[in-house]
Structure formats: C-alpha cells, structure tokens
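Peer 1: This is the content of coords-v4.cif (mmCIF, C-alpha atoms):
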```cif
data_model
#
loop_
_atom_site.group_PDB
_atom_site.id
_atom_site.type_symbol
_atom_site.label_atom_id
_atom_site.label_comp_id
_atom_site.auth_asym_id
_atom_site.auth_seq_id
_atom_site.Cartn_x
_atom_site.Cartn_y
_atom_site.Cartn_z
ATOM 1 C CA MET A 20 0.448 -4.283 -10.020
ATOM 2 C CA THR A 21 1.211 -1.565 -12.577
ATOM 3 C CA SER A 22 -1.564 -2.835 -14.839
ATOM 4 C CA VAL A 23 -3.978 -2.849 -11.890
ATOM 5 C CA LEU A 24 -3.111 0.772 -11.092
ATOM 6 C CA LEU A 25 -3.539 1.818 -14.726
ATOM 7 C CA GLY A 26 -6.892 0.035 -14.914
ATOM 8 C CA LEU A 27 -8.158 1.589 -11.685
ATOM 9 C CA GLY A 28 -6.896 5.010 -12.739
ATOM 10 C CA LEU A 29 -8.698 4.762 -16.088
ATOM 11 C CA LEU A 30 -11.879 3.627 -14.347
ATOM 12 C CA GLY A 31 -11.613 6.556 -11.944
ATOM 13 C CA LEU A 32 -11.372 8.995 -14.868
ATOM 14 C CA CYS A 33 -14.287 7.362 -16.672
ATOM 15 C CA TYR A 34 -16.656 7.027 -13.725
ATOM 16 C CA GLY A 35 -18.807 9.869 -12.470
ATOM 17 C CA ALA A 36 -22.240 11.418 -12.759
ATOM 18 C CA THR A 37 -21.770 11.012 -16.511
ATOM 19 C CA TRP A 38 -19.750 8.125 -17.916
ATOM 20 C CA ALA A 39 -16.809 8.973 -20.156
ATOM 21 C CA THR A 40 -15.521 6.310 -22.519
ATOM 22 C CA PRO A 41 -11.843 5.285 -22.315
ATOM 23 C CA GLY A 42 -11.366 6.820 -25.763
ATOM 24 C CA GLU A 43 -12.677 10.180 -24.545
ATOM 25 C CA VAL A 44 -10.424 10.032 -21.485
ATOM 26 C CA LEU A 45 -7.339 9.246 -23.552
ATOM 27 C CA ALA A 46 -8.208 12.044 -25.977
ATOM 28 C CA VAL A 47 -8.447 14.529 -23.110
ATOM 29 C CA LEU A 48 -5.185 13.331 -21.548
ATOM 30 C CA SER A 49 -3.389 13.576 -24.892
ATOM 31 C CA GLY A 50 -4.633 17.156 -25.356
ATOM 32 C CA THR A 51 -6.707 16.583 -28.487
ATOM 33 C CA GLU A 52 -9.911 17.320 -26.545
ATOM 34 C CA THR A 53 -10.727 19.348 -23.426
ATOM 35 C CA SER A 54 -12.954 18.436 -20.505
ATOM 36 C CA VAL A 55 -13.213 20.344 -17.249
ATOM 37 C CA VAL A 56 -14.862 17.344 -15.574
ATOM 38 C CA ILE A 57 -12.004 14.969 -16.379
ATOM 39 C CA LEU A 58 -9.066 17.357 -16.020
ATOM 40 C CA ASP A 59 -10.171 19.486 -13.064
ATOM 41 C CA TRP A 60 -12.500 17.175 -11.134
ATOM 42 C CA ARG A 61 -11.617 13.543 -11.711
ATOM 43 C CA LEU A 62 -7.892 13.652 -12.470
ATOM 44 C CA PRO A 63 -6.895 15.424 -9.198
ATOM 45 C CA ARG A 64 -8.943 12.891 -7.228
ATOM 46 C CA VAL A 65 -7.356 9.913 -8.977
ATOM 47 C CA LEU A 66 -3.836 11.303 -8.554
ATOM 48 C CA ALA A 67 -4.535 12.142 -4.907
ATOM 49 C CA ALA A 68 -5.676 8.564 -4.264
ATOM 50 C CA LEU A 69 -2.566 7.164 -5.961
ATOM 51 C CA VAL A 70 -0.040 9.451 -4.263
ATOM 52 C CA PHE A 71 -1.689 9.430 -0.838
ATOM 53 C CA GLY A 72 -2.139 5.649 -0.959
ATOM 54 C CA ALA A 73 1.529 5.196 -1.862
ATOM 55 C CA SER A 74 2.497 7.578 0.954
ATOM 56 C CA LEU A 75 0.449 5.641 3.514
ATOM 57 C CA GLY A 76 1.828 2.337 2.230
ATOM 58 C CA VAL A 77 5.399 3.560 2.684
ATOM 59 C CA ALA A 78 4.598 4.938 6.149
ATOM 60 C CA GLY A 79 3.159 1.565 7.154
ATOM 61 C CA ALA A 80 6.206 -0.263 5.790
ATOM 62 C CA ILE A 81 8.513 2.074 7.717
ATOM 63 C CA PHE A 82 6.857 1.469 11.077
ATOM 64 C CA GLN A 83 6.424 -2.247 10.494
ATOM 65 C CA ASN A 84 10.163 -2.411 9.802
ATOM 66 C CA ILE A 85 10.943 -0.381 12.920
ATOM 67 C CA THR A 86 8.735 -2.521 15.168
ATOM 68 C CA ARG A 87 9.238 -5.794 13.226
ATOM 69 C CA ASN A 88 5.540 -6.329 13.805
ATOM 70 C CA PRO A 89 2.678 -6.379 11.233
ATOM 71 C CA MET A 90 0.571 -4.401 13.737
ATOM 72 C CA GLY A 91 3.059 -1.528 13.754
ATOM 73 C CA SER A 92 1.296 0.962 11.503
ATOM 74 C CA PRO A 93 0.628 4.697 12.034
ATOM 75 C CA ASP A 94 -3.112 4.296 12.550
ATOM 76 C CA VAL A 95 -2.714 1.533 15.151
ATOM 77 C CA ILE A 96 0.025 3.150 17.240
ATOM 78 C CA GLY A 97 -1.612 6.572 17.363
ATOM 79 C CA LEU A 98 0.204 8.688 14.788
ATOM 80 C CA ASP A 99 -2.976 9.286 12.780
ATOM 81 C CA ALA A 100 -4.745 10.349 15.980
ATOM 82 C CA GLY A 101 -1.861 12.672 16.862
ATOM 83 C CA ALA A 102 -1.911 14.265 13.422
ATOM 84 C CA TYR A 103 -5.680 14.695 13.778
ATOM 85 C CA THR A 104 -5.146 16.399 17.150
ATOM 86 C CA GLY A 105 -2.808 18.912 15.552
ATOM 87 C CA ALA A 106 -5.310 19.567 12.785
ATOM 88 C CA LEU A 107 -8.130 19.982 15.333
ATOM 89 C CA VAL A 108 -6.096 22.586 17.200
ATOM 90 C CA ALA A 109 -5.572 24.429 13.908
ATOM 91 C CA LEU A 110 -9.321 24.287 13.232
ATOM 92 C CA THR A 111 -10.542 25.281 16.701
ATOM 93 C CA VAL A 112 -7.857 27.652 18.006
ATOM 94 C CA LEU A 113 -6.453 29.112 14.786
ATOM 95 C CA SER A 114 -8.204 30.030 11.540
ATOM 96 C CA GLY A 115 -7.774 26.572 9.989
ATOM 97 C CA THR A 116 -5.936 27.511 6.798
ATOM 98 C CA SER A 117 -4.276 24.840 4.666
ATOM 99 C CA ALA A 118 -0.822 25.791 5.944
ATOM 100 C CA GLN A 119 -2.006 25.678 9.560
ATOM 101 C CA LEU A 120 -3.640 22.286 9.032
ATOM 102 C CA ALA A 121 -0.455 20.900 7.479
ATOM 103 C CA ALA A 122 1.799 22.308 10.201
ATOM 104 C CA GLY A 123 -0.565 21.217 12.974
ATOM 105 C CA SER A 124 -0.816 17.688 11.591
ATOM 106 C CA VAL A 125 2.954 17.284 11.358
ATOM 107 C CA ILE A 126 3.559 18.730 14.837
ATOM 108 C CA GLY A 127 0.833 16.567 16.380
ATOM 109 C CA GLY A 128 2.129 13.416 14.691
ATOM 110 C CA LEU A 129 5.730 14.112 15.692
ATOM 111 C CA ALA A 130 4.720 14.850 19.298
ATOM 112 C CA VAL A 131 2.890 11.520 19.604
ATOM 113 C CA ALA A 132 5.749 9.680 17.876
ATOM 114 C CA ALA A 133 8.274 11.214 20.287
ATOM 115 C CA ALA A 134 6.147 10.285 23.312
ATOM 116 C CA ILE A 135 5.733 6.693 22.116
ATOM 117 C CA TYR A 136 9.422 6.317 21.261
ATOM 118 C CA PHE A 137 10.715 7.607 24.597
ATOM 119 C CA LEU A 138 8.196 5.579 26.617
ATOM 120 C CA ALA A 139 9.069 2.440 24.641
ATOM 121 C CA PHE A 140 12.833 2.916 25.003
ATOM 122 C CA ASP A 141 13.800 1.178 28.248
ATOM 123 C CA ARG A 142 17.429 -0.040 28.336
ATOM 124 C CA GLY A 143 17.094 -0.838 24.653
ATOM 125 C CA PHE A 144 14.592 -0.711 21.832
ATOM 126 C CA SER A 145 11.636 -3.133 21.697
ATOM 127 C CA GLY A 146 9.238 -3.154 18.765
ATOM 128 C CA MET A 147 6.530 -5.033 20.691
ATOM 129 C CA ARG A 148 6.726 -2.557 23.568
ATOM 130 C CA LEU A 149 6.427 0.294 21.086
ATOM 131 C CA VAL A 150 3.271 -1.225 19.558
ATOM 132 C CA VAL A 151 1.629 -1.828 22.945
ATOM 133 C CA ILE A 152 2.453 1.667 24.206
ATOM 134 C CA GLY A 153 1.324 3.099 20.868
ATOM 135 C CA ILE A 154 -2.077 1.419 21.182
ATOM 136 C CA ALA A 155 -2.466 2.903 24.674
ATOM 137 C CA ILE A 156 -1.404 6.365 23.478
ATOM 138 C CA ASN A 157 -3.817 6.035 20.545
ATOM 139 C CA ALA A 158 -6.719 5.461 22.952
ATOM 140 C CA MET A 159 -5.783 8.476 25.076
ATOM 141 C CA VAL A 160 -5.244 10.806 22.112
ATOM 142 C CA THR A 161 -8.550 9.687 20.569
ATOM 143 C CA ALA A 162 -10.280 10.631 23.839
ATOM 144 C CA VAL A 163 -8.600 14.057 23.720
ATOM 145 C CA ASN A 164 -9.800 14.505 20.136
ATOM 146 C CA SER A 165 -13.366 13.698 21.163
ATOM 147 C CA TRP A 166 -13.146 16.247 23.971
ATOM 148 C CA ILE A 167 -11.848 18.933 21.583
ATOM 149 C CA VAL A 168 -14.723 18.292 19.166
ATOM 150 C CA LEU A 169 -17.303 18.382 21.978
ATOM 151 C CA ARG A 170 -15.957 21.718 23.242
ATOM 152 C CA ALA A 171 -15.771 23.321 19.788
ATOM 153 C CA GLU A 172 -18.389 25.569 18.257
ATOM 154 C CA LEU A 173 -21.135 23.738 16.388
ATOM 155 C CA GLU A 174 -19.999 24.658 12.868
ATOM 156 C CA VAL A 175 -16.378 23.747 13.610
ATOM 157 C CA ALA A 176 -17.403 20.496 15.294
ATOM 158 C CA ILE A 177 -19.535 19.442 12.321
ATOM 159 C CA ALA A 178 -16.676 20.202 9.927
ATOM 160 C CA ALA A 179 -14.167 18.355 12.141
ATOM 161 C CA VAL A 180 -16.323 15.237 12.475
ATOM 162 C CA GLY A 181 -16.988 15.107 8.733
ATOM 163 C CA TRP A 182 -13.313 15.625 7.966
ATOM 164 C CA SER A 183 -12.275 12.929 10.474
ATOM 165 C CA ALA A 184 -13.877 10.234 8.308
ATOM 166 C CA GLY A 185 -11.166 10.708 5.680
ATOM 167 C CA SER A 186 -12.402 11.848 2.300
ATOM 168 C CA LEU A 187 -11.163 12.751 -1.173
ATOM 169 C CA ASN A 188 -14.436 14.456 -2.084
ATOM 170 C CA GLY A 189 -13.818 17.899 -3.550
ATOM 171 C CA VAL A 190 -10.028 17.565 -3.791
ATOM 172 C CA GLY A 191 -8.657 19.923 -6.469
ATOM 173 C CA TRP A 192 -5.334 20.962 -7.927
ATOM 174 C CA ASP A 193 -4.951 23.812 -5.416
ATOM 175 C CA ASP A 194 -5.048 21.285 -2.562
ATOM 176 C CA LEU A 195 -2.359 19.006 -4.002
ATOM 177 C CA THR A 196 0.647 21.052 -5.144
ATOM 178 C CA ILE A 197 2.341 21.458 -1.761
ATOM 179 C CA PRO A 198 1.376 17.985 -0.387
ATOM 180 C CA PHE A 199 2.706 16.283 -3.526
ATOM 181 C CA ALA A 200 5.997 18.187 -3.208
ATOM 182 C CA ILE A 201 6.332 17.254 0.483
ATOM 183 C CA ILE A 202 5.511 13.590 -0.120
ATOM 184 C CA GLY A 203 7.911 13.437 -3.072
ATOM 185 C CA THR A 204 10.733 14.846 -0.939
ATOM 186 C CA LEU A 205 10.020 12.454 1.929
ATOM 187 C CA LEU A 206 9.861 9.421 -0.369
ATOM 188 C CA LEU A 207 13.168 10.455 -1.945
ATOM 189 C CA LEU A 208 14.747 10.650 1.518
ATOM 190 C CA MET A 209 13.413 7.206 2.379
ATOM 191 C CA THR A 210 14.642 5.780 -0.911
ATOM 192 C CA LEU A 211 18.164 6.884 -0.018
ATOM 193 C CA GLY A 212 17.884 5.074 3.319
ATOM 194 C CA ALA A 213 16.023 1.990 2.070
ATOM 195 C CA HIS A 214 19.103 -0.261 2.009
ATOM 196 C CA ALA A 215 20.030 0.638 5.569
ATOM 197 C CA MET A 216 16.413 0.058 6.654
ATOM 198 C CA HIS A 217 16.415 -3.473 5.242
ATOM 199 C CA GLN A 218 19.782 -4.129 6.907
ATOM 200 C CA ALA A 219 18.296 -3.027 10.235
ATOM 201 C CA ALA A 220 15.319 -5.350 9.682
ATOM 202 C CA LEU A 221 17.730 -8.312 9.820
ATOM 203 C CA GLY A 222 18.619 -7.454 13.418
ATOM 204 C CA ASP A 223 20.455 -4.763 15.364
ATOM 205 C CA ALA A 224 23.687 -6.775 15.602
ATOM 206 C CA ILE A 225 23.862 -7.393 11.853
ATOM 207 C CA ALA A 226 22.995 -3.767 11.102
ATOM 208 C CA VAL A 227 25.734 -2.429 13.376
ATOM 209 C CA THR A 228 28.378 -4.741 11.898
ATOM 210 C CA THR A 229 27.492 -3.495 8.403
ATOM 211 C CA GLY A 230 27.983 0.129 9.469
ATOM 212 C CA VAL A 231 24.336 1.190 9.936
ATOM 213 C CA GLY A 232 23.807 3.948 12.512
ATOM 214 C CA LEU A 233 20.611 2.651 14.111
ATOM 215 C CA ASP A 234 19.664 5.736 16.150
ATOM 216 C CA ARG A 235 20.119 8.096 13.201
ATOM 217 C CA LEU A 236 18.303 5.686 10.878
ATOM 218 C CA ARG A 237 15.331 5.292 13.213
ATOM 219 C CA LEU A 238 15.010 9.052 13.620
ATOM 220 C CA LEU A 239 14.979 9.448 9.826
ATOM 221 C CA MET A 240 12.408 6.665 9.446
ATOM 222 C CA VAL A 241 10.132 8.127 12.121
ATOM 223 C CA PHE A 242 10.393 11.609 10.568
ATOM 224 C CA VAL A 243 9.543 10.320 7.084
ATOM 225 C CA GLY A 244 6.750 8.047 8.340
ATOM 226 C CA VAL A 245 5.121 10.791 10.403
ATOM 227 C CA GLY A 246 5.571 13.308 7.578
ATOM 228 C CA CYS A 247 3.867 11.012 5.049
ATOM 229 C CA THR A 248 0.992 10.258 7.420
ATOM 230 C CA ALA A 249 0.497 13.853 8.570
ATOM 231 C CA THR A 250 0.586 15.269 5.030
ATOM 232 C CA VAL A 251 -2.200 12.941 3.940
ATOM 233 C CA THR A 252 -4.169 13.709 7.111
ATOM 234 C CA ALA A 253 -3.863 17.462 6.538
ATOM 235 C CA VAL A 254 -5.535 17.182 3.119
ATOM 236 C CA ALA A 255 -7.886 14.188 3.302
ATOM 237 C CA GLY A 256 -8.295 13.581 7.018
ATOM 238 C CA PRO A 257 -7.193 10.365 8.759
ATOM 239 C CA VAL A 258 -7.593 7.550 6.204
ATOM 240 C CA VAL A 259 -7.115 4.456 8.327
ATOM 241 C CA PHE A 260 -6.004 0.866 7.684
ATOM 242 C CA ILE A 261 -4.283 1.517 4.327
ATOM 243 C CA ALA A 262 -0.940 1.806 6.132
ATOM 244 C CA LEU A 263 -1.716 -1.370 8.090
ATOM 245 C CA ALA A 264 -2.704 -3.616 5.202
ATOM 246 C CA ALA A 265 -0.635 -2.395 2.244
ATOM 247 C CA PRO A 266 2.861 -3.419 3.454
ATOM 248 C CA GLN A 267 1.859 -6.990 4.306
ATOM 249 C CA ILE A 268 -0.179 -7.498 1.135
ATOM 250 C CA GLY A 269 2.658 -6.005 -0.925
ATOM 251 C CA ARG A 270 5.202 -8.239 0.824
ATOM 252 C CA ARG A 271 3.193 -11.353 -0.014
ATOM 253 C CA LEU A 272 2.665 -10.289 -3.626
ATOM 254 C CA ALA A 273 6.391 -9.606 -4.021
ATOM 255 C CA GLY A 274 7.375 -12.807 -2.229
ATOM 256 C CA SER A 275 9.797 -10.879 -0.034
ATOM 257 C CA ALA A 276 11.020 -11.946 3.388
ATOM 258 C CA GLY A 277 11.058 -8.355 4.670
ATOM 259 C CA VAL A 278 8.685 -5.434 4.199
ATOM 260 C CA PRO A 279 9.973 -3.662 1.049
ATOM 261 C CA LEU A 280 8.959 -0.086 0.288
ATOM 262 C CA LEU A 281 8.039 -0.268 -3.410
ATOM 263 C CA PRO A 282 5.460 -3.111 -3.152
ATOM 264 C CA ALA A 283 3.976 -1.371 -0.107
ATOM 265 C CA ALA A 284 3.686 1.911 -2.031
ATOM 266 C CA LEU A 285 2.091 0.298 -5.090
ATOM 267 C CA THR A 286 -0.313 -1.754 -2.975
ATOM 268 C CA GLY A 287 -1.272 1.290 -0.906
ATOM 269 C CA ALA A 288 -1.994 3.277 -4.074
ATOM 270 C CA ALA A 289 -4.180 0.451 -5.439
ATOM 271 C CA LEU A 290 -6.033 0.002 -2.134
ATOM 272 C CA LEU A 291 -6.835 3.684 -1.667
ATOM 273 C CA LEU A 292 -7.887 4.208 -5.280
ATOM 274 C CA GLY A 293 -10.013 1.058 -5.216
ATOM 275 C CA ALA A 294 -11.593 2.083 -1.896
ATOM 276 C CA ASP A 295 -12.351 5.560 -3.257
ATOM 277 C CA LEU A 296 -14.040 4.091 -6.334
ATOM 278 C CA LEU A 297 -16.159 1.851 -4.090
ATOM 279 C CA ALA A 298 -17.023 4.876 -1.942
ATOM 280 C CA GLN A 299 -18.323 6.659 -5.034
ATOM 281 C CA MET A 300 -20.281 3.669 -6.347
ATOM 282 C CA LEU A 301 -21.922 2.144 -3.280
ATOM 283 C CA LEU A 302 -24.559 4.844 -2.679
ATOM 284 C CA ALA A 303 -24.286 6.715 -5.998
ATOM 285 C CA PRO A 304 -24.920 9.550 -6.662
ATOM 286 C CA VAL A 305 -23.914 10.201 -3.012
ATOM 287 C CA ALA A 306 -20.158 9.706 -2.542
ATOM 288 C CA LEU A 307 -19.159 8.210 0.798
ATOM 289 C CA PRO A 308 -15.952 9.282 2.559
ATOM 290 C CA VAL A 309 -13.186 6.907 1.502
ATOM 291 C CA GLY A 310 -12.290 6.355 5.160
ATOM 292 C CA VAL A 311 -15.601 4.531 5.679
ATOM 293 C CA VAL A 312 -14.736 1.974 3.000
ATOM 294 C CA SER A 313 -11.067 1.639 4.019
ATOM 295 C CA THR A 314 -12.154 1.036 7.629
ATOM 296 C CA ALA A 315 -14.513 -1.750 6.550
ATOM 297 C CA ILE A 316 -11.825 -3.361 4.386
ATOM 298 C CA GLY A 317 -9.155 -2.871 7.028
ATOM 299 C CA GLY A 318 -11.364 -4.325 9.765
ATOM 300 C CA CYS A 319 -11.723 -7.564 7.805
ATOM 301 C CA TYR A 320 -7.971 -7.608 7.200
ATOM 302 C CA LEU A 321 -7.236 -6.955 10.877
ATOM 303 C CA ILE A 322 -9.459 -9.867 11.970
ATOM 304 C CA TRP A 323 -7.624 -12.138 9.538
ATOM 305 C CA LEU A 324 -4.219 -10.881 10.690
ATOM 306 C CA LEU A 325 -5.003 -11.310 14.390
ATOM 307 C CA THR A 326 -6.389 -14.798 13.771
ATOM 308 C CA LYS A 327 -3.219 -15.763 11.932
ATOM 309 C CA GLU A 328 -0.963 -14.344 14.652
ATOM 310 C CA VAL A 329 -2.883 -16.205 17.377
ATOM 311 C CA ARG A 330 -2.580 -19.477 15.507
ATOM 312 C CA ARG A 331 1.140 -18.890 14.992
ATOM 313 C CA ALA A 332 1.594 -18.222 18.704
#
```
What does this structure look like when you write it as structure tokens?

Peer 2:
Amino acid sequence: MTSVLLGLGLLGLCYGATWATPGEVLAVLSGTETSVVILDWRLPRVLAALVFGASLGVAGAIFQNITRNPMGSPDVIGLDAGAYTGALVALTVLSGTSAQLAAGSVIGGLAVAAAIYFLAFDRGFSGMRLVVIGIAINAMVTAVNSWIVLRAELEVAIAAVGWSAGSLNGVGWDDLTIPFAIIGTLLLLMTLGAHAMHQAALGDAIAVTTGVGLDRLRLLMVFVGVGCTATVTAVAGPVVFIALAAPQIGRRLAGSAGVPLLPAALTGAALLLGADLLAQMLLAPVALPVGVVSTAIGGCYLIWLLTKEVRRA
C-alpha cells in the first residue's frame, strides 16, 4: 500500500495543465529547483487528499467498530450531513470564515452524533439500532440542509451547493495548517485507544473483563470520529463513501478479522487521492469535484456490499 500511495502522490505532482516529469518533481522536492506550480498548487492538493483520506478512513473504521456493522460509517448514519448543517449555518447566518466553518461543522456533527447515540441507547447499546436510526436521522438532516439552501440568498446558495459536492479544487497551504494539526491530534488520541477499541470489538463482556471502560471509550471514539469527519467537511465539503469503503477494503487487504485503523487510514488515503486524480482527468482541463467520483465509486461498492450481506443473511 505504501508503494501505491507513493506512486499516486508522484502522479498527482506530475499531472496538471502542463506535465512535469518525475525527475523535475524530485528536483523540486529536494530543493535543487523551484516551481510554484508543484510546491504551491499541486503539493497541497496531494497532501490534502492523503491526510483527509486517511482521516475519513479512520473515522469509518471507528464507527464500524462501534456498530460492528460494515454500514456504520459517518456518511451513512448522518454525521456528514450534520457537519454540513453546521457549515451551512456558518455560511448563511454568520460570515462564513474558515474558523466559523470548522466550528460549525464540528458542532453540527457532534449534535447529530449525540442525537443518534441517545436514541439508539435503549436498555443497552445496539450497533444495528444505531445504524438504522442514523439512516433515518441522515434523511431528516439532509432535508433540513435542502431547506436552508433554498432559503439562502442566491450567491450563498450557489456557493453552498457547489461546496456540498466535496472538492479539493483550489486547496492551498493556508487552508491546511489548522486542519492538519487537528487531524494529527485526533489520530494520536485514537492511536492511544486503539488497543481498547479492538478489545471492545470482541464483545462487551470480553472488553469489560479486560478492564476496558466501554462508555468512556465510546465517547472518545465518537469524538474522534466526528472530529475527523467534520474537519474534512469544513475544508473540502462532505466527501462521501470514502469512510464507508476504506475500512472494509483495508481489512481485506490486511487479512484482519477486525477493522484495524492503519489499513483503513492507508486505504482511505489511496482512495481519495485516486478519486481526485480521476476527477482531474475525466473532463480535463475541467476538474470535477472529487465527491462526484467518490460517490460513483462508493455507489458501486455499496451495491456489492449490500448484495453480499443479503446473500449471507
């Protein structure tokens, strides 16, 4: 997987309106040559795809571990829609600065996560109930988002609809410093709790006997998962299906019985970077939003996953 990421990253630095050879890219990265196009335009986009994809992959792995269900990802259970609601409020009610978008996305995602968790908790925790309630909440929040866009001023509505597709177009260094720091902190927190998470995936009884505090662990996992999802949404908009597909693909590539974090992160980074490259190439020189490509890929994956689950049942 590391070689795939390096290859995709090199291709992303080479590809553009003008092709740069791998030798030119390596010379720029080593500092022997300078290129504004590679360093200030292409490199931030490639790094954003890698870091955001890894963040979404980890978020998907977290919620699939919590629910013990391959359908339990942030975009399916409504966390993406909740983060988008918070960002829409920042755009339509406030001035829509980067800080307001980030704060609104996190607050919206946490509010939806809290609503889903408390509605799903009925004399015990049920992952299937959480997924079903999350799908229902997702539908309602999506309707609210549509209403907000319809009531907004024309310029704001156009910007909100375009941003809702999920795009890395125009991402620069100024947009990435704070999100990278937040994602790095959240991933570090999750790394410290990874062992306990995998213990909990074996079953509540086993986790309790090994000293895992399930309530505290689940709160940490939800906070990290929502934070990762909302941070990406605040910068790039809701990029769907990466969090759904990456954990399961990573689990199969790693040959793991559970849903480990590292394969999910690496697979998510590869999926988002690959989808962004396809988005740039399909209608070149016009670059599509990456969310359009990830939705198409994720839709095919979702059909396959549902077919497999039906056959298993």

Peer 1: Please enumerate the residues selected by the PyMOL selection byres ((chain A and resi 36) around 10) when evaluated against the supplied file, formatted as an mmCIF file with C-alpha atoms, in the coordinates of the input.

Peer 2:
```cif
data_model
loop_
_atom_site.group_PDB
_atom_site.id
_atom_site.type_symbol
_atom_site.label_atom_id
_atom_site.label_comp_id
_atom_site.auth_asym_id
_atom_site.auth_seq_id
_atom_site.Cartn_x
_atom_site.Cartn_y
_atom_site.Cartn_z
ATOM 1 C CA CYS A 33 -14.287 7.362 -16.672
ATOM 2 C CA TYR A 34 -16.656 7.027 -13.725
ATOM 3 C CA GLY A 35 -18.807 9.869 -12.470
ATOM 4 C CA THR A 37 -21.770 11.012 -16.511
ATOM 5 C CA TRP A 38 -19.750 8.125 -17.916
ATOM 6 C CA ALA A 39 -16.809 8.973 -20.156
ATOM 7 C CA VAL A 56 -14.862 17.344 -15.574
ATOM 8 C CA GLN A 299 -18.323 6.659 -5.034
ATOM 9 C CA ALA A 303 -24.286 6.715 -5.998
ATOM 10 C CA PRO A 304 -24.920 9.550 -6.662
ATOM 11 C CA VAL A 305 -23.914 10.201 -3.012
#
```

Peer 1: Skipping near chain neighbours, those fewer than 5 positions away, what residues fall within 8 Å of Leu285 in chain A using all atoms listed in the file, listed as a VMD selection string?

Peer 2: chain A and resid 20 to 21 24 72 to 73 76 269

Peer 1: Which distance in Å separates CA of Val258 in chain A and CA of Pro93 in chain A, to one decimal?

Peer 2: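 Atom-to-atom, CA of Val258 in chain A and CA of Pro93 in chain A are spaced 10.5 Å apart.
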
Peer 1: Given the file shown, determine the residues that the PyMOL selection byres ((chain A and resi 30) around 10) selects; report them as an MDAnalysis selection string.

Peer 2: chainID A and resid 24:29 31:35 38:41 44 65 292:293 296

Peer 1: Given the choices A:Ile201, A:Ile81, A:Leu280, A:Val47, which gets closest to Ala253 in chain A if the distance is worked out from all atoms listed in the file?

Peer 2: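 Of the candidates, the smallest distance to Ala253 in chain A is held by A:Ile201.
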
Peer 1: Name every residue that the PyMOL selection byres ((chain A and resi 290) around 12) selects in this structure, writing the answer as a PyMOL selection string with chains first and numbers rising.

Peer 2: chain A and resi 20+23-24+27-28+68-76+258-266+268-269+282-289+291-297+309-310+312-314+316-317

Peer 1: Go ahead and compute the interatomic distance for CA of Leu62 in chain A and CA of Trp182 in chain A, in Å to one decimal.

Peer 2: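 Answer for the CA of Leu62 in chain A to CA of Trp182 in chain A separation: 21.2 Å.
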